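Raw contents of target.pdb, PDB, C-alpha atoms:
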```pdb
MODEL        1
ATOM      1  CA  MET A 129     110.991 123.980 136.429
ATOM      2  CA  SER A 130     107.350 124.817 136.930
ATOM      3  CA  SER A 131     104.779 122.048 136.476
ATOM      4  CA  GLN A 132     102.697 124.641 134.606
ATOM      5  CA  TYR A 133     105.445 124.778 131.970
ATOM      6  CA  PRO A 134     107.230 121.400 131.882
ATOM      7  CA  PRO A 135     110.083 120.840 129.409
ATOM      8  CA  LEU A 136     108.875 119.747 125.967
ATOM      9  CA  THR A 137     110.553 117.176 123.757
ATOM     10  CA  CYS A 138     110.993 117.489 120.020
ATOM     11  CA  LYS A 139     108.207 114.954 119.430
ATOM     12  CA  GLU A 140     105.784 116.933 121.632
ATOM     13  CA  VAL A 141     106.562 120.212 119.855
ATOM     14  CA  LYS A 142     106.007 118.547 116.469
ATOM     15  CA  LYS A 143     102.636 117.200 117.655
ATOM     16  CA  ILE A 144     101.599 120.685 118.793
ATOM     17  CA  LEU A 145     102.594 122.194 115.452
ATOM     18  CA  ALA A 146     100.808 119.459 113.484
ATOM     19  CA  TYR A 147      97.689 119.969 115.616
ATOM     20  CA  LEU A 148      97.796 123.668 114.753
ATOM     21  CA  GLY A 149      97.951 122.868 111.038
ATOM     22  CA  PHE A 150     101.663 123.389 110.423
ATOM     23  CA  VAL A 151     103.463 121.131 107.950
ATOM     24  CA  ALA A 152     107.152 120.272 107.868
ATOM     25  CA  ARG A 153     109.106 121.597 104.898
ATOM     26  CA  PRO A 154     111.436 119.145 103.187
ATOM     27  CA  GLN A 155     114.836 119.280 104.868
ATOM     28  CA  LYS A 156     118.102 119.926 103.094
ATOM     29  CA  GLY A 157     120.910 118.113 104.863
ATOM     30  CA  LYS A 158     120.819 118.013 108.644
ATOM     31  CA  SER A 159     119.725 121.574 109.246
ATOM     32  CA  HIS A 160     116.923 122.757 111.502
ATOM     33  CA  GLU A 161     113.389 121.708 110.583
ATOM     34  CA  GLN A 162     111.061 124.396 109.254
ATOM     35  CA  TRP A 163     107.328 124.062 109.970
ATOM     36  CA  VAL A 164     105.068 126.378 107.970
ATOM     37  CA  LYS A 165     101.439 127.449 107.893
ATOM     38  CA  GLU A 166      99.584 130.159 106.015
ATOM     39  CA  HIS A 167      96.599 131.799 107.721
ATOM     40  CA  ASP A 168      94.800 134.972 106.607
ATOM     41  CA  ALA A 169      97.570 135.800 104.104
ATOM     42  CA  THR A 170     100.203 135.533 106.855
ATOM     43  CA  LEU A 171     102.951 132.934 106.603
ATOM     44  CA  TYR A 172     103.998 131.489 109.956
ATOM     45  CA  LYS A 173     107.347 129.692 110.039
ATOM     46  CA  VAL A 174     108.598 127.825 113.109
ATOM     47  CA  THR A 175     112.187 126.609 113.340
ATOM     48  CA  VAL A 176     112.664 123.375 115.311
ATOM     49  CA  ASP A 177     116.151 122.065 116.157
ATOM     50  CA  CYS A 178     115.793 118.328 116.796
ATOM     51  CA  PRO A 179     117.232 116.405 118.575
ATOM     52  CA  THR A 180     120.148 118.661 119.482
ATOM     53  CA  LYS A 181     118.200 120.994 121.763
ATOM     54  CA  SER A 182     115.609 118.536 123.117
ATOM     55  CA  PRO A 183     114.144 118.843 125.699
ATOM     56  CA  PHE A 184     113.689 122.488 124.888
ATOM     57  CA  THR A 185     114.403 125.336 127.280
ATOM     58  CA  GLN A 186     111.638 127.762 128.188
ATOM     59  CA  THR A 187     113.356 130.421 126.088
ATOM     60  CA  LEU A 188     113.242 128.222 122.962
ATOM     61  CA  ILE A 189     109.630 127.209 123.627
ATOM     62  CA  LYS A 190     108.640 130.862 123.997
ATOM     63  CA  SER A 191     110.435 131.641 120.727
ATOM     64  CA  MET A 192     108.745 128.775 118.844
ATOM     65  CA  ALA A 193     105.345 129.821 120.219
ATOM     66  CA  ALA A 194     105.931 133.401 119.046
ATOM     67  CA  GLN A 195     106.957 132.140 115.598
ATOM     68  CA  ALA A 196     103.651 130.213 115.531
ATOM     69  CA  GLY A 197     101.777 133.432 116.320
ATOM     70  CA  MET A 198     100.845 132.655 119.915
ATOM     71  CA  THR A 199     101.996 133.038 123.487
ATOM     72  CA  LYS A 200     103.857 130.405 125.486
ATOM     73  CA  LYS A 201     100.724 130.009 127.630
ATOM     74  CA  GLU A 202      98.589 129.249 124.537
ATOM     75  CA  PHE A 203     101.267 126.845 123.231
ATOM     76  CA  TYR A 204     101.181 124.902 126.512
ATOM     77  CA  ARG A 205      97.395 124.917 126.485
ATOM     78  CA  ILE A 206      97.490 123.097 123.136
ATOM     79  CA  PHE A 207     100.062 120.681 124.613
ATOM     80  CA  ARG A 208      97.695 119.890 127.504
ATOM     81  CA  LEU A 209      94.759 119.400 125.091
ATOM     82  CA  ILE A 210      96.824 116.852 123.187
ATOM     83  CA  LYS A 211      98.291 115.113 126.220
ATOM     84  CA  TYR A 212      95.081 115.073 128.272
ATOM     85  CA  PRO A 213      92.184 115.007 125.774
ATOM     86  CA  ARG A 214      88.855 116.181 127.129
ATOM     87  CA  THR A 215      85.502 114.562 126.535
ATOM     88  CA  ALA A 216      84.043 114.756 123.030
ATOM     89  CA  GLY A 217      82.082 117.888 122.258
ATOM     90  CA  THR A 218      84.179 120.176 124.449
ATOM     91  CA  ASP A 219      84.966 123.380 122.623
ATOM     92  CA  HIS A 220      88.664 124.305 122.579
ATOM     93  CA  LYS A 221      88.727 128.012 121.781
ATOM     94  CA  ILE A 222      91.910 129.979 122.282
ATOM     95  CA  GLY A 223      92.078 133.674 121.502
ATOM     96  CA  CYS A 224      90.914 133.519 117.911
ATOM     97  CA  SER A 225      87.629 134.555 116.355
ATOM     98  CA  THR A 226      87.649 131.463 114.142
ATOM     99  CA  PRO A 227      89.343 128.809 116.293
ATOM    100  CA  ASP A 228      88.353 125.823 114.182
ATOM    101  CA  THR A 229      90.304 127.168 111.214
ATOM    102  CA  PHE A 230      93.336 128.373 113.163
ATOM    103  CA  TYR A 231      93.369 125.586 115.767
ATOM    104  CA  PRO A 232      91.799 122.610 113.974
ATOM    105  CA  LYS A 233      90.678 119.639 116.042
ATOM    106  CA  LYS A 234      92.393 116.382 115.223
ATOM    107  CA  SER A 235      90.282 113.263 115.611
ATOM    108  CA  SER A 236      93.203 110.860 115.730
ATOM    109  CA  TRP A 237      96.954 110.859 116.164
TER     110      TRP A 237
ENDMDL
END
```
Using structure tokens, write down the structure from this file.
Amino acid sequence: MSSQYPPLTCKEVKKILAYLGFVARPQKGKSHEQWVKEHDATLYKVTVDCPTKSPFTQTLIKSMAAQAGMTKKEFYRIFRLIKYPRTAGTDHKIGCSTPDTFYPKKSSW
């Protein structure tokens, strides 16, 4: 497995989704978790199967990233921003004309 794209755990994927502004829908039974976000009249829905499939394969990570409206590369970039925070004041823009609304900064975890 490439160090550029290490395996992600369920907890790490949930942190990425929360950072991006997704919220978990209430679960019925023990089914897959649904994380949702509305942006510019588009509803994004990401399905997360925890803990059965954790750590996630690259195929599942790519699928979850696509469901979130981004590439796997952008998804991992958010992961690195969370795992290795940069100094305050650094702008974290990723392929969006209004990054602060689509990729909100979180001051604390």
_One decimal, in Å: what's the spacing between atom CA of Ala169 of chain A and atom CA of Ile189 of chain A?_
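Calculated distance between atom CA of Ala169 of chain A and atom CA of Ile189 of chain A is 24.5 Å.
Nearest residue to Lys142 of chain A among A:Leu171, A:Asp177, A:Arg214, A:Lys158 is A:Asp177, counting all atoms listed in the file.
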*Within 8 Å of (111.3, 124.4, 129.6) (coordinates as in the file), grab all the protein and nucleic acid residues, counting all atoms listed in the file, and write them out as a ChimeraX atom specification.*
/A:129,133-136,183-189
*asked:* I want to know what sits within 10 Å of Leu209 of chain A, based on all atoms listed in the file, with residues of the same chain fewer than 2 positions away left out; could you give that as an MDAnalysis selection string?
replied: chainID A and resid 144 147 204:207 211:214 220 233
Find the residues around Lys173 of chain A up to 9 Å (all atoms listed in the file counted), leave out those fewer than 6 positions away in its own chain, and share them as a PDB file with C-alpha atoms, in the coordinates of the input.
```
ATOM      1  CA  PHE A 150     101.663 123.389 110.423  1.00  0.00           C
ATOM      2  CA  GLN A 162     111.061 124.396 109.254  1.00  0.00           C
ATOM      3  CA  TRP A 163     107.328 124.062 109.970  1.00  0.00           C
ATOM      4  CA  VAL A 164     105.068 126.378 107.970  1.00  0.00           C
ATOM      5  CA  LYS A 165     101.439 127.449 107.893  1.00  0.00           C
ATOM      6  CA  GLU A 166      99.584 130.159 106.015  1.00  0.00           C
ATOM      7  CA  MET A 192     108.745 128.775 118.844  1.00  0.00           C
ATOM      8  CA  GLN A 195     106.957 132.140 115.598  1.00  0.00           C
ATOM      9  CA  ALA A 196     103.651 130.213 115.531  1.00  0.00           C
TER      10      ALA A 196
END
```
*Identify, on the basis of only C-alpha atoms, every residue whose closest approach to Pro179 of chain A does not exceed 12 Å; exclude the query and any residue fewer than 6 positions from it along the same chain; express the result as JSON, numbers by chain.*
{"A": [136, 137, 138, 139, 140, 141, 142, 158, 159, 160, 161]}
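For the pair atom CA of Lys190 of chain A and atom CA of Lys156 of chain A, the interatomic distance is 25.4 Å.
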_Computed interatomic separation between atom CA of Arg153 of chain A and atom CA of Glu202 of chain A (Å)_ =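 Computing the Euclidean distance for atom CA of Arg153 of chain A and atom CA of Glu202 of chain A yields 23.6 Å.
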Show me, as lines of an AutoDock Vina configuration file, the centre and edge lengths in Å to one decimal of the axis-aligned box that covers every listed atom of segment 163-174 of chain A with 5 Å on each side.
```
center_x = 101.7
center_y = 129.9
center_z = 108.6
size_x = 23.8
size_y = 21.7
size_z = 19.0
```
For the structure just given, write the atoms of segment 129-157 of chain A, namely N, CA and C atoms, as an mmCIF file, in the first residue's frame.
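Below you can see selection-v2.cif, which holds the result:
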```
data_model
loop_
_atom_site.group_PDB
_atom_site.id
_atom_site.type_symbol
_atom_site.label_atom_id
_atom_site.label_comp_id
_atom_site.auth_asym_id
_atom_site.auth_seq_id
_atom_site.Cartn_x
_atom_site.Cartn_y
_atom_site.Cartn_z
ATOM 1 N N MET A 129 0.851 -1.176 0.000
ATOM 2 C CA MET A 129 0.000 0.000 0.000
ATOM 3 C C MET A 129 0.890 1.230 0.000
ATOM 4 N N SER A 130 0.555 2.172 -0.802
ATOM 5 C CA SER A 130 1.314 3.404 -0.946
ATOM 6 C C SER A 130 1.202 4.264 0.309
ATOM 7 N N SER A 131 2.314 4.909 0.696
ATOM 8 C CA SER A 131 2.263 5.816 1.840
ATOM 9 C C SER A 131 1.475 7.075 1.493
ATOM 10 N N GLN A 132 1.328 7.355 0.187
ATOM 11 C CA GLN A 132 0.523 8.499 -0.240
ATOM 12 C C GLN A 132 -0.953 8.242 0.075
ATOM 13 N N TYR A 133 -1.366 6.989 -0.005
ATOM 14 C CA TYR A 133 -2.747 6.608 0.266
ATOM 15 C C TYR A 133 -2.792 5.468 1.281
ATOM 16 N N PRO A 134 -2.526 5.760 2.566
ATOM 17 C CA PRO A 134 -2.563 4.704 3.575
ATOM 18 C C PRO A 134 -4.005 4.260 3.836
ATOM 19 N N PRO A 135 -4.198 3.064 4.394
ATOM 20 C CA PRO A 135 -5.550 2.623 4.721
ATOM 21 C C PRO A 135 -6.169 3.575 5.752
ATOM 22 N N LEU A 136 -7.460 3.801 5.651
ATOM 23 C CA LEU A 136 -8.157 4.668 6.598
ATOM 24 C C LEU A 136 -9.104 3.836 7.451
ATOM 25 N N THR A 137 -9.173 4.182 8.725
ATOM 26 C CA THR A 137 -10.102 3.509 9.628
ATOM 27 C C THR A 137 -11.459 4.205 9.568
ATOM 28 N N CYS A 138 -12.433 3.581 10.161
ATOM 29 C CA CYS A 138 -13.776 4.148 10.218
ATOM 30 C C CYS A 138 -13.751 5.503 10.935
ATOM 31 N N LYS A 139 -13.036 5.577 12.033
ATOM 32 C CA LYS A 139 -12.947 6.818 12.809
ATOM 33 C C LYS A 139 -12.339 7.944 11.969
ATOM 34 N N GLU A 140 -11.305 7.644 11.192
ATOM 35 C CA GLU A 140 -10.660 8.655 10.353
ATOM 36 C C GLU A 140 -11.600 9.146 9.253
ATOM 37 N N VAL A 141 -12.337 8.232 8.645
ATOM 38 C CA VAL A 141 -13.288 8.616 7.595
ATOM 39 C C VAL A 141 -14.378 9.508 8.186
ATOM 40 N N LYS A 142 -14.872 9.164 9.373
ATOM 41 C CA LYS A 142 -15.898 9.983 10.017
ATOM 42 C C LYS A 142 -15.371 11.383 10.335
ATOM 43 N N LYS A 143 -14.114 11.483 10.755
ATOM 44 C CA LYS A 143 -13.522 12.797 11.029
ATOM 45 C C LYS A 143 -13.432 13.632 9.756
ATOM 46 N N ILE A 144 -13.050 12.996 8.654
ATOM 47 C CA ILE A 144 -12.967 13.698 7.369
ATOM 48 C C ILE A 144 -14.347 14.221 6.984
ATOM 49 N N LEU A 145 -15.351 13.370 7.079
ATOM 50 C CA LEU A 145 -16.706 13.772 6.705
ATOM 51 C C LEU A 145 -17.225 14.893 7.606
ATOM 52 N N ALA A 146 -16.973 14.798 8.902
ATOM 53 C CA ALA A 146 -17.399 15.856 9.823
ATOM 54 C C ALA A 146 -16.694 17.170 9.494
ATOM 55 N N TYR A 147 -15.418 17.096 9.182
ATOM 56 C CA TYR A 147 -14.641 18.284 8.807
ATOM 57 C C TYR A 147 -15.241 18.953 7.574
ATOM 58 N N LEU A 148 -15.735 18.146 6.657
ATOM 59 C CA LEU A 148 -16.324 18.660 5.421
ATOM 60 C C LEU A 148 -17.757 19.158 5.611
ATOM 61 N N GLY A 149 -18.299 18.994 6.810
ATOM 62 C CA GLY A 149 -19.641 19.494 7.084
ATOM 63 C C GLY A 149 -20.744 18.464 6.955
ATOM 64 N N PHE A 150 -20.392 17.204 6.806
ATOM 65 C CA PHE A 150 -21.394 16.142 6.740
ATOM 66 C C PHE A 150 -21.893 15.834 8.150
ATOM 67 N N VAL A 151 -23.132 15.391 8.248
ATOM 68 C CA VAL A 151 -23.690 14.960 9.530
ATOM 69 C C VAL A 151 -24.245 13.552 9.367
ATOM 70 N N ALA A 152 -24.135 12.776 10.433
ATOM 71 C CA ALA A 152 -24.623 11.392 10.398
ATOM 72 C C ALA A 152 -26.140 11.385 10.551
ATOM 73 N N ARG A 153 -26.804 10.628 9.700
ATOM 74 C CA ARG A 153 -28.249 10.431 9.828
ATOM 75 C C ARG A 153 -28.493 9.418 10.935
ATOM 76 N N PRO A 154 -29.620 9.539 11.624
ATOM 77 C CA PRO A 154 -29.943 8.517 12.626
ATOM 78 C C PRO A 154 -30.014 7.141 11.966
ATOM 79 N N GLN A 155 -29.436 6.159 12.650
ATOM 80 C CA GLN A 155 -29.383 4.800 12.107
ATOM 81 C C GLN A 155 -30.590 3.989 12.523
ATOM 82 N N LYS A 156 -31.048 3.156 11.612
ATOM 83 C CA LYS A 156 -32.114 2.205 11.916
ATOM 84 C C LYS A 156 -31.478 0.826 11.967
ATOM 85 N N GLY A 157 -31.470 0.224 13.130
ATOM 86 C CA GLY A 157 -30.855 -1.095 13.266
ATOM 87 C C GLY A 157 -29.344 -1.008 13.186
#
```
